Amino acid sequence: MTVDPTVLSFDSLAVHAGQAADPGTGAVIPPLHLSTTYVQDGIGTLRAGYEYGRSGNPTRTALEEQLAALEGGRHGLSFASGLAAEDALLRAVLAPGDEVLLGNDVYGGTYRLLARILGPWGVELRVVDMSDLDAVGAAIAERAPKILWVETPSNPLLRVTDIAGLARLGHDAGALVVVDNTFASPALQRPLTHGADVVVHSTTKYLGGHSDVVGGALVLSDDALAKRVRFLQFAAGAVSGPMDAWLTTRGIKTLGLRMQRHSENAQAVAEFLAGHDRVAKVYYPGLPQHPGHDIAKAQMWGFGGIVSIALADAASARRFAESTRLFQLAESLGGVESLVNYPDEMTHASVRGTELAVPAEVVRLSVGIESLADLQADLEQALTAL
């Protein structure tokens with residue numbers, strides 16, 4: 001079956017894009033291709049374009065087609081991790097002396113890559129609150145960056161940025177606009193349709209969705225940029241392996257259903273926590289009092305599965321994070337199981353002491369697909385123990 005991504009709805013694309021039945025056997029699930037090398041029909045005459053596992057693999061190709069269809073882009077590229085995807089994009093675009101204008105509430109690994117790996121190479125970095133378009137405009141007026149880089153919703157304070165507004169500012173200055181769509185996933189938000197140039201994913205999170213595979217992805221429509229990034233994917237070699245690609249593809253097929261449940265549970269958890277006397281503040285764009293609620297409502301189809309909270313102080317936050325039972329204390333997010341994370345000493349430890357530092361009283365919850373009653377009971381017992 002040939003899939004037309006302009007005709008099918010999201011859930012149908014998630015199941016069928018890149019997933020044509022095997023022509024030889026009729027297998028509904030395309031086979032997992034583990035081979036590292038491919039027989040050539042003649043010297044330089046490649047069968048279906050494959051020669052060596054680093055340059056291409058049919059299982060990875062299927063995933064890349066699936067990713068491009070879901071995000072509405074022409075090109076999908078799959079990598080060994082989200083940071084590998086970011087690194088390939090940054091090196092394809094930047095040269096020493098170029099600058100990245102970065103959101104001030106992003107994943108600590110992104111900041112670390114820019115500040116500690118690319119910084120010594122000569123890449124400049126400035127930080128701004130991307131949810132404040134006036135501040136972004138002022139920063140651009142001061143000096144035009146090569147890249148505008150934003151997460152929306154952001155990690156872990158769930159700031160929401162107007163993607164269309166940001167894209168206008170960036171494009172007027174000649175900047176490439178990159179959106180990390182990991183928290184929302186294409187089930188809830190498609191940044192390319194709002195004017196972004198490139199979408200970045202840690203596919204480890206919601207796309208894989210089961211905490212059993214590490215990966216990353218880029219989706220874009222610019223042919224020339226895609227060619228440059230694909231060269232780096234091949235030349236530097238940080239590609240996703242076939243089993244990783246296959247697991248990610250399998251996870252994506254239920255993405256729409258999972259994101260609906262994640263969002264429903266997270267909304268209810270956020271409302272429960274917002275009314276709790278032990279919680280000082282709740283960060284969740286689904287709450288009407290969230291400063292980015294209206295923008296999120298306009299550019300997203302749901303508010304996602306991440307809820308962050310501020311407790312009375314750092315000691316309370318640590319005790320809470322170590323007291324939950326169903327919410328397991330762990331890095332990462334986006335799996336079917338609920339996780340609790342203390343960003344200051346876990347996911348965002350690399351930005352402590354910088355302007356991206358996460359307040360020490362903040363805890364991040366990745367709300368899974370378990371029974372809502374069980375999740376709320378677990379949060380209640382942990383809060384009562386404070």
# chains A, B, ... in the order shown; residues from 1 in each chain; ligands from 1

$ residues_around --residues "segment 343-346 of chain A" --least-positions-apart "3" --cutoff "6 Å" --atoms "only C-alpha atoms" --output "PDB file with N, CA and C atoms, in the first residue's frame"
ATOM      1  N   ALA A 349      21.419  18.981  36.079  1.00  0.00           N
ATOM      2  CA  ALA A 349      22.587  19.258  36.920  1.00  0.00           C
ATOM      3  C   ALA A 349      23.667  20.009  36.146  1.00  0.00           C
ATOM      4  N   VAL A 358      17.545  25.285  37.177  1.00  0.00           N
ATOM      5  CA  VAL A 358      16.170  25.008  37.588  1.00  0.00           C
ATOM      6  C   VAL A 358      16.050  25.270  39.085  1.00  0.00           C
ATOM      7  N   ALA A 360      15.609  24.945  42.888  1.00  0.00           N
ATOM      8  CA  ALA A 360      15.851  23.733  43.668  1.00  0.00           C
ATOM      9  C   ALA A 360      14.591  23.172  44.298  1.00  0.00           C
TER      10      ALA A 360
END

$ closest_atom_pairs --of "segment 62-153 of chain A" --to "segment 179-186 of chain A" --cutoff "10 Å" --atoms "only C-alpha atoms" --output "JSON lines"
{"residue": "A:Leu67", "atom": "CA", "partner": "A:Pro186", "partner_atom": "CA", "distance": 8.9}
{"residue": "A:Ala69", "atom": "CA", "partner": "A:Pro186", "partner_atom": "CA", "distance": 9.8}
{"residue": "A:Leu70", "atom": "CA", "partner": "A:Pro186", "partner_atom": "CA", "distance": 6.1}
{"residue": "A:Glu71", "atom": "CA", "partner": "A:Pro186", "partner_atom": "CA", "distance": 5.6}
{"residue": "A:Gly72", "atom": "CA", "partner": "A:Pro186", "partner_atom": "CA", "distance": 8.9}
{"residue": "A:Gly82", "atom": "CA", "partner": "A:Thr182", "partner_atom": "CA", "distance": 9.3}
{"residue": "A:Glu86", "atom": "CA", "partner": "A:Asp180", "partner_atom": "CA", "distance": 9.5}
{"residue": "A:Val106", "atom": "CA", "partner": "A:Asp180", "partner_atom": "CA", "distance": 9.0}
{"residue": "A:Tyr107", "atom": "CA", "partner": "A:Asp180", "partner_atom": "CA", "distance": 9.6}
{"residue": "A:Leu148", "atom": "CA", "partner": "A:Val179", "partner_atom": "CA", "distance": 8.4}
{"residue": "A:Trp149", "atom": "CA", "partner": "A:Val179", "partner_atom": "CA", "distance": 6.1}
{"residue": "A:Val150", "atom": "CA", "partner": "A:Val179", "partner_atom": "CA", "distance": 5.1}
{"residue": "A:Glu151", "atom": "CA", "partner": "A:Asp180", "partner_atom": "CA", "distance": 4.7}
{"residue": "A:Thr152", "atom": "CA", "partner": "A:Asn181", "partner_atom": "CA", "distance": 6.7}
{"residue": "A:Pro153", "atom": "CA", "partner": "A:Phe183", "partner_atom": "CA", "distance": 6.3}

$ write_last_selection --atoms "C-alpha atoms" --output "short mmCIF file (atom, residue, chain, number, x, y, z; two decimals), in the first residue's frame"
data_model
loop_
_atom_site.label_atom_id
_atom_site.label_comp_id
_atom_site.auth_asym_id
_atom_site.auth_seq_id
_atom_site.Cartn_x
_atom_site.Cartn_y
_atom_site.Cartn_z
CA LEU A 67 8.81 10.52 11.10
CA ALA A 69 4.96 11.94 7.49
CA LEU A 70 3.97 12.56 11.11
CA GLU A 71 5.66 15.96 11.31
CA GLY A 72 4.59 17.04 7.83
CA GLY A 82 18.54 13.10 20.55
CA GLU A 86 21.21 17.98 17.57
CA VAL A 106 15.80 23.83 27.76
CA TYR A 107 17.15 20.36 28.35
CA LEU A 148 16.90 30.33 17.11
CA TRP A 149 16.48 27.22 19.27
CA VAL A 150 13.37 26.67 21.38
CA GLU A 151 11.59 23.92 23.29
CA THR A 152 7.86 24.34 23.62
CA PRO A 153 6.56 23.27 26.05
#

$ closest_atom_pairs --of "segment 274-383 of chain A" --to "segment 110-123 of chain A" --cutoff "12 Å" --atoms "only C-alpha atoms" --output "Markdown table"
| residue | atom | partner | partner_atom | distance |
| --- | --- | --- | --- | --- |
| A:Thr347 | CA | A:Thr110 | CA | 11.0 |
| A:His348 | CA | A:Tyr111 | CA | 9.5 |
| A:Ala349 | CA | A:Arg112 | CA | 10.2 |
| A:Ser350 | CA | A:Arg112 | CA | 6.6 |
| A:Val351 | CA | A:Tyr111 | CA | 7.4 |
| A:Arg352 | CA | A:Arg112 | CA | 11.1 |
| A:Thr354 | CA | A:Tyr111 | CA | 10.0 |
| A:Glu355 | CA | A:Tyr111 | CA | 10.7 |
| A:Leu356 | CA | A:Tyr111 | CA | 8.5 |
| A:Ala357 | CA | A:Tyr111 | CA | 10.8 |

$ write_last_selection --atoms "C-alpha atoms" --output "PDB file, in the first residue's frame"
ATOM      1  CA  THR A 347      18.466  15.984  34.274  1.00  0.00           C
ATOM      2  CA  HIS A 348      19.547  19.621  34.672  1.00  0.00           C
ATOM      3  CA  ALA A 349      22.587  19.258  36.920  1.00  0.00           C
ATOM      4  CA  SER A 350      24.772  20.432  34.022  1.00  0.00           C
ATOM      5  CA  VAL A 351      23.165  23.906  34.092  1.00  0.00           C
ATOM      6  CA  ARG A 352      23.416  24.529  37.851  1.00  0.00           C
ATOM      7  CA  THR A 354      23.911  29.224  34.967  1.00  0.00           C
ATOM      8  CA  GLU A 355      20.918  31.291  33.855  1.00  0.00           C
ATOM      9  CA  LEU A 356      19.246  28.013  32.873  1.00  0.00           C
ATOM     10  CA  ALA A 357      19.399  26.632  36.410  1.00  0.00           C
TER      11      ALA A 357
END

$ select_by_dssp --residues "segment 78-256 of chain A" --states "strand (DSSP E)" --output "ChimeraX atom specification"
/A:78-79,99-103,124-128,147-151,176-180,198-202,216-220

$ write_last_selection --atoms "N, CA and C atoms" --output "CSV table (one decimal), in the first residue's frame"
chain,number,residue,atom,x,y,z
A,78,SER,N,17.0,9.7,11.3
A,78,SER,CA,17.0,9.0,12.6
A,78,SER,C,18.5,8.8,13.1
A,79,PHE,N,18.7,9.1,14.3
A,79,PHE,CA,20.0,9.1,14.9
A,79,PHE,C,20.0,8.2,16.2
A,99,GLU,N,26.4,32.3,16.0
A,99,GLU,CA,25.7,32.3,17.3
A,99,GLU,C,24.4,31.6,17.3
A,100,VAL,N,24.1,30.9,18.4
A,100,VAL,CA,22.8,30.3,18.7
A,100,VAL,C,22.1,31.1,19.8
A,101,LEU,N,20.9,31.5,19.5
A,101,LEU,CA,20.0,32.1,20.6
A,101,LEU,C,19.1,31.0,21.1
A,102,LEU,N,19.3,30.7,22.4
A,102,LEU,CA,18.8,29.5,23.0
A,102,LEU,C,17.7,29.9,24.0
A,103,GLY,N,16.7,29.1,24.1
A,103,GLY,CA,15.7,29.3,25.2
A,103,GLY,C,16.3,29.1,26.5
A,124,GLU,N,29.1,30.8,19.4
A,124,GLU,CA,28.7,31.7,20.5
A,124,GLU,C,27.3,31.3,20.9
A,125,LEU,N,27.0,31.6,22.2
A,125,LEU,CA,25.7,31.2,22.7
A,125,LEU,C,25.1,32.4,23.6
A,126,ARG,N,23.9,32.7,23.3
A,126,ARG,CA,23.1,33.6,24.2
A,126,ARG,C,21.8,33.0,24.6
A,127,VAL,N,21.3,33.4,25.7
A,127,VAL,CA,20.1,32.8,26.3
A,127,VAL,C,19.0,33.8,26.5
A,128,VAL,N,17.8,33.5,26.1
A,128,VAL,CA,16.7,34.4,26.3
A,128,VAL,C,15.4,33.6,26.6
A,147,ILE,N,21.0,30.7,14.5
A,147,ILE,CA,19.9,29.7,14.9
A,147,ILE,C,19.1,30.3,16.0
A,148,LEU,N,17.8,30.2,16.0
A,148,LEU,CA,16.9,30.3,17.1
A,148,LEU,C,16.5,28.9,17.5
A,149,TRP,N,16.7,28.6,18.8
A,149,TRP,CA,16.5,27.2,19.3
A,149,TRP,C,15.5,27.3,20.5
A,150,VAL,N,14.4,26.6,20.3
A,150,VAL,CA,13.4,26.7,21.4
A,150,VAL,C,12.8,25.3,21.7
A,151,GLU,N,12.4,25.0,22.9
A,151,GLU,CA,11.6,23.9,23.3
A,151,GLU,C,10.2,24.5,23.7
A,176,LEU,N,17.8,30.4,11.2
A,176,LEU,CA,17.1,29.1,11.2
A,176,LEU,C,16.4,28.9,12.5
A,177,VAL,N,15.1,28.5,12.4
A,177,VAL,CA,14.3,28.3,13.5
A,177,VAL,C,14.1,26.8,13.8
A,178,VAL,N,14.6,26.4,15.0
A,178,VAL,CA,14.6,25.0,15.4
A,178,VAL,C,13.7,24.8,16.6
A,179,VAL,N,12.8,23.9,16.5
A,179,VAL,CA,11.9,23.6,17.6
A,179,VAL,C,12.1,22.2,18.1
A,180,ASP,N,12.4,22.0,19.4
A,180,ASP,CA,12.5,20.7,20.0
A,180,ASP,C,11.0,20.3,20.4
A,198,VAL,N,13.1,23.4,11.3
A,198,VAL,CA,13.5,22.0,11.7
A,198,VAL,C,12.9,21.6,13.0
A,199,VAL,N,12.5,20.4,13.1
A,199,VAL,CA,12.0,19.8,14.3
A,199,VAL,C,13.0,18.8,14.8
A,200,VAL,N,13.2,18.8,16.1
A,200,VAL,CA,14.1,17.9,16.8
A,200,VAL,C,13.3,17.1,17.7
A,201,HIS,N,13.7,15.8,17.8
A,201,HIS,CA,13.1,14.9,18.8
A,201,HIS,C,14.2,14.1,19.5
A,202,SER,N,14.0,13.9,20.8
A,202,SER,CA,14.5,12.7,21.5
A,202,SER,C,13.5,11.6,21.3
A,216,GLY,N,17.1,9.6,18.4
A,216,GLY,CA,16.8,11.0,18.2
A,216,GLY,C,16.5,11.1,16.7
A,217,ALA,N,15.9,12.3,16.4
A,217,ALA,CA,15.4,12.5,15.0
A,217,ALA,C,15.4,14.0,14.7
A,218,LEU,N,15.5,14.2,13.4
A,218,LEU,CA,15.3,15.6,12.8
A,218,LEU,C,14.3,15.4,11.7
A,219,VAL,N,13.4,16.4,11.6
A,219,VAL,CA,12.5,16.4,10.4
A,219,VAL,C,12.5,17.9,9.9
A,220,LEU,N,12.7,18.0,8.5
A,220,LEU,CA,12.8,19.3,7.9
A,220,LEU,C,12.3,19.1,6.4

$ atom_distance --atom1 "atom CA of Ala236 of chain A" --atom2 "atom CA of Ile43 of chain A"
24.5 Å

$ closest_residue --among "A:Gln381, A:Ser338, A:Ser316, A:Ser323" --to "Val362 of chain A" --atoms "only C-alpha atoms"
A:Ser316

$ residues_around --residues "segment 56-60 of chain A" --least-positions-apart "3" --cutoff "12 Å" --atoms "only C-alpha atoms" --output "PyMOL selection string"
chain A and resi 18-20+22+29-38+46-53+63-67+76-80+215-217+230-231+233-235+237-250

$ write_last_selection --atoms "N, CA and C atoms" --output "compact mmCIF listing (two decimals), in the first residue's frame"
# COMPACT_ATOMS: atom_id res chain seq x y z
N GLY A 18 5.55 4.47 5.91
CA GLY A 18 6.80 3.71 5.89
C GLY A 18 6.64 2.24 6.21
N GLN A 19 5.41 1.76 6.25
CA GLN A 19 5.16 0.40 6.73
C GLN A 19 4.44 -0.47 5.70
N ALA A 20 4.78 -0.32 4.44
CA ALA A 20 4.19 -1.16 3.39
C ALA A 20 4.51 -2.63 3.65
N ASP A 22 5.65 -6.40 3.25
CA ASP A 22 6.83 -6.95 2.58
C ASP A 22 6.43 -7.51 1.21
N ILE A 29 3.95 -6.67 8.92
CA ILE A 29 5.02 -5.92 9.56
C ILE A 29 6.29 -6.08 8.74
N PRO A 30 6.86 -4.99 8.22
CA PRO A 30 8.09 -5.12 7.44
C PRO A 30 9.18 -5.80 8.26
N PRO A 31 9.99 -6.62 7.62
CA PRO A 31 11.02 -7.36 8.36
C PRO A 31 12.08 -6.44 8.97
N LEU A 32 12.68 -6.91 10.03
CA LEU A 32 13.79 -6.21 10.67
C LEU A 32 15.07 -6.58 9.93
N HIS A 33 15.71 -5.58 9.35
CA HIS A 33 16.92 -5.82 8.55
C HIS A 33 18.16 -5.60 9.42
N LEU A 34 18.83 -6.69 9.76
CA LEU A 34 20.00 -6.62 10.65
C LEU A 34 21.33 -6.61 9.89
N SER A 35 21.30 -6.84 8.61
CA SER A 35 22.53 -6.94 7.84
C SER A 35 23.33 -5.64 7.88
N THR A 36 24.64 -5.77 7.99
CA THR A 36 25.51 -4.59 7.96
C THR A 36 25.97 -4.24 6.56
N THR A 37 25.85 -5.19 5.61
CA THR A 37 26.31 -4.92 4.26
C THR A 37 25.36 -5.56 3.26
N TYR A 38 25.44 -5.11 2.00
CA TYR A 38 24.46 -5.51 0.99
C TYR A 38 25.17 -5.89 -0.31
N LEU A 46 24.04 -0.35 -6.86
CA LEU A 46 23.45 -0.73 -5.58
C LEU A 46 22.02 -1.20 -5.78
N ARG A 47 21.66 -2.23 -5.04
CA ARG A 47 20.30 -2.74 -5.09
C ARG A 47 19.45 -1.94 -4.10
N ALA A 48 18.48 -1.20 -4.62
CA ALA A 48 17.58 -0.36 -3.81
C ALA A 48 18.35 0.73 -3.05
N GLY A 49 19.59 0.99 -3.46
CA GLY A 49 20.35 2.09 -2.87
C GLY A 49 21.12 1.78 -1.62
N TYR A 50 21.17 0.50 -1.23
CA TYR A 50 21.83 0.14 0.03
C TYR A 50 23.18 -0.51 -0.24
N GLU A 51 24.20 -0.11 0.57
CA GLU A 51 25.54 -0.68 0.44
C GLU A 51 26.15 -1.07 1.78
N TYR A 52 25.90 -0.25 2.83
CA TYR A 52 26.54 -0.49 4.12
C TYR A 52 25.64 0.09 5.20
N GLY A 53 25.60 -0.55 6.37
CA GLY A 53 24.62 -0.20 7.40
C GLY A 53 24.70 1.22 7.92
N LEU A 63 11.52 4.02 9.32
CA LEU A 63 11.29 4.94 10.44
C LEU A 63 11.39 6.39 9.96
N GLU A 64 12.37 6.69 9.13
CA GLU A 64 12.54 8.07 8.68
C GLU A 64 11.35 8.53 7.84
N GLU A 65 10.79 7.64 7.05
CA GLU A 65 9.57 7.98 6.29
C GLU A 65 8.41 8.23 7.24
N GLN A 66 8.32 7.42 8.26
CA GLN A 66 7.26 7.56 9.26
C GLN A 66 7.37 8.90 9.98
N LEU A 67 8.58 9.26 10.40
CA LEU A 67 8.81 10.52 11.10
C LEU A 67 8.45 11.72 10.24
N GLY A 76 13.03 13.01 6.95
CA GLY A 76 13.22 12.55 8.32
C GLY A 76 14.57 11.89 8.43
N LEU A 77 15.27 12.13 9.51
CA LEU A 77 16.58 11.51 9.73
C LEU A 77 16.63 10.96 11.14
N SER A 78 17.03 9.71 11.27
CA SER A 78 17.05 9.03 12.56
C SER A 78 18.47 8.85 13.06
N PHE A 79 18.67 9.12 14.34
CA PHE A 79 20.01 9.10 14.95
C PHE A 79 20.03 8.21 16.18
N ALA A 80 21.25 7.99 16.69
CA ALA A 80 21.43 7.12 17.85
C ALA A 80 20.91 7.73 19.14
N GLY A 215 17.06 7.08 21.13
CA GLY A 215 17.17 7.55 19.75
C GLY A 215 16.87 9.02 19.62
N GLY A 216 17.12 9.55 18.44
CA GLY A 216 16.84 10.95 18.15
C GLY A 216 16.46 11.12 16.71
N ALA A 217 15.88 12.27 16.38
CA ALA A 217 15.42 12.49 15.01
C ALA A 217 15.41 13.97 14.66
N ARG A 230 22.35 14.90 6.24
CA ARG A 230 22.46 13.47 5.93
C ARG A 230 23.92 13.08 5.69
N PHE A 231 24.70 13.98 5.11
CA PHE A 231 26.12 13.69 4.94
C PHE A 231 26.79 13.51 6.30
N GLN A 233 25.30 12.66 9.08
CA GLN A 233 24.76 11.42 9.64
C GLN A 233 25.61 10.24 9.17
N PHE A 234 25.94 10.23 7.89
CA PHE A 234 26.77 9.16 7.31
C PHE A 234 28.23 9.27 7.73
N ALA A 235 28.80 10.47 7.62
CA ALA A 235 30.24 10.63 7.83
C ALA A 235 30.64 10.51 9.29
N GLY A 237 28.50 9.12 11.64
CA GLY A 237 28.07 7.75 11.95
C GLY A 237 27.18 7.54 13.14
N ALA A 238 26.60 8.60 13.72
CA ALA A 238 25.76 8.40 14.91
C ALA A 238 24.33 8.02 14.50
N VAL A 239 24.22 6.91 13.78
CA VAL A 239 22.92 6.48 13.26
C VAL A 239 22.22 5.55 14.25
N SER A 240 20.92 5.47 14.10
CA SER A 240 20.18 4.49 14.91
C SER A 240 20.39 3.10 14.31
N GLY A 241 20.58 2.11 15.18
CA GLY A 241 20.71 0.75 14.74
C GLY A 241 19.35 0.20 14.31
N PRO A 242 19.33 -0.89 13.56
CA PRO A 242 18.06 -1.42 13.06
C PRO A 242 17.09 -1.84 14.15
N MET A 243 17.56 -2.44 15.23
CA MET A 243 16.64 -2.82 16.31
C MET A 243 16.07 -1.58 16.98
N ASP A 244 16.90 -0.56 17.18
CA ASP A 244 16.41 0.69 17.77
C ASP A 244 15.36 1.33 16.87
N ALA A 245 15.63 1.34 15.57
CA ALA A 245 14.67 1.92 14.63
C ALA A 245 13.36 1.13 14.65
N TRP A 246 13.46 -0.18 14.70
CA TRP A 246 12.26 -1.03 14.69
C TRP A 246 11.43 -0.81 15.96
N LEU A 247 12.09 -0.73 17.10
CA LEU A 247 11.36 -0.48 18.35
C LEU A 247 10.69 0.89 18.34
N THR A 248 11.38 1.89 17.78
CA THR A 248 10.79 3.23 17.72
C THR A 248 9.57 3.24 16.81
N THR A 249 9.68 2.59 15.67
CA THR A 249 8.54 2.48 14.76
C THR A 249 7.36 1.80 15.45
N ARG A 250 7.62 0.73 16.16
CA ARG A 250 6.53 0.03 16.85
C ARG A 250 5.88 0.94 17.89

$ atom_distance --atom1 "atom CA of Glu264 of chain A" --atom2 "atom CA of Ile295 of chain A"
18.8 Å

$ residues_around --residues "Ala270 of chain A" --least-positions-apart "5" --cutoff "8 Å" --atoms "only C-alpha atoms" --output "ChimeraX atom specification"
/A:282-284,287,307

$ write_last_selection --atoms "N, CA and C atoms" --output "PDB file, in the first residue's frame"
ATOM      1  N   VAL A 282       2.068  24.978  40.373  1.00  0.00           N
ATOM      2  CA  VAL A 282       1.984  23.907  39.378  1.00  0.00           C
ATOM      3  C   VAL A 282       2.287  24.505  38.011  1.00  0.00           C
ATOM      4  N   TYR A 283       3.179  23.853  37.280  1.00  0.00           N
ATOM      5  CA  TYR A 283       3.515  24.261  35.921  1.00  0.00           C
ATOM      6  C   TYR A 283       2.877  23.256  34.963  1.00  0.00           C
ATOM      7  N   TYR A 284       1.818  23.684  34.277  1.00  0.00           N
ATOM      8  CA  TYR A 284       1.179  22.811  33.286  1.00  0.00           C
ATOM      9  C   TYR A 284       0.346  23.683  32.349  1.00  0.00           C
ATOM     10  N   LEU A 287      -3.610  24.237  32.456  1.00  0.00           N
ATOM     11  CA  LEU A 287      -4.306  25.013  33.479  1.00  0.00           C
ATOM     12  C   LEU A 287      -4.581  26.416  32.953  1.00  0.00           C
ATOM     13  N   VAL A 307       4.070  17.358  34.052  1.00  0.00           N
ATOM     14  CA  VAL A 307       3.624  18.324  35.055  1.00  0.00           C
ATOM     15  C   VAL A 307       4.799  18.587  35.990  1.00  0.00           C
TER      16      VAL A 307
END
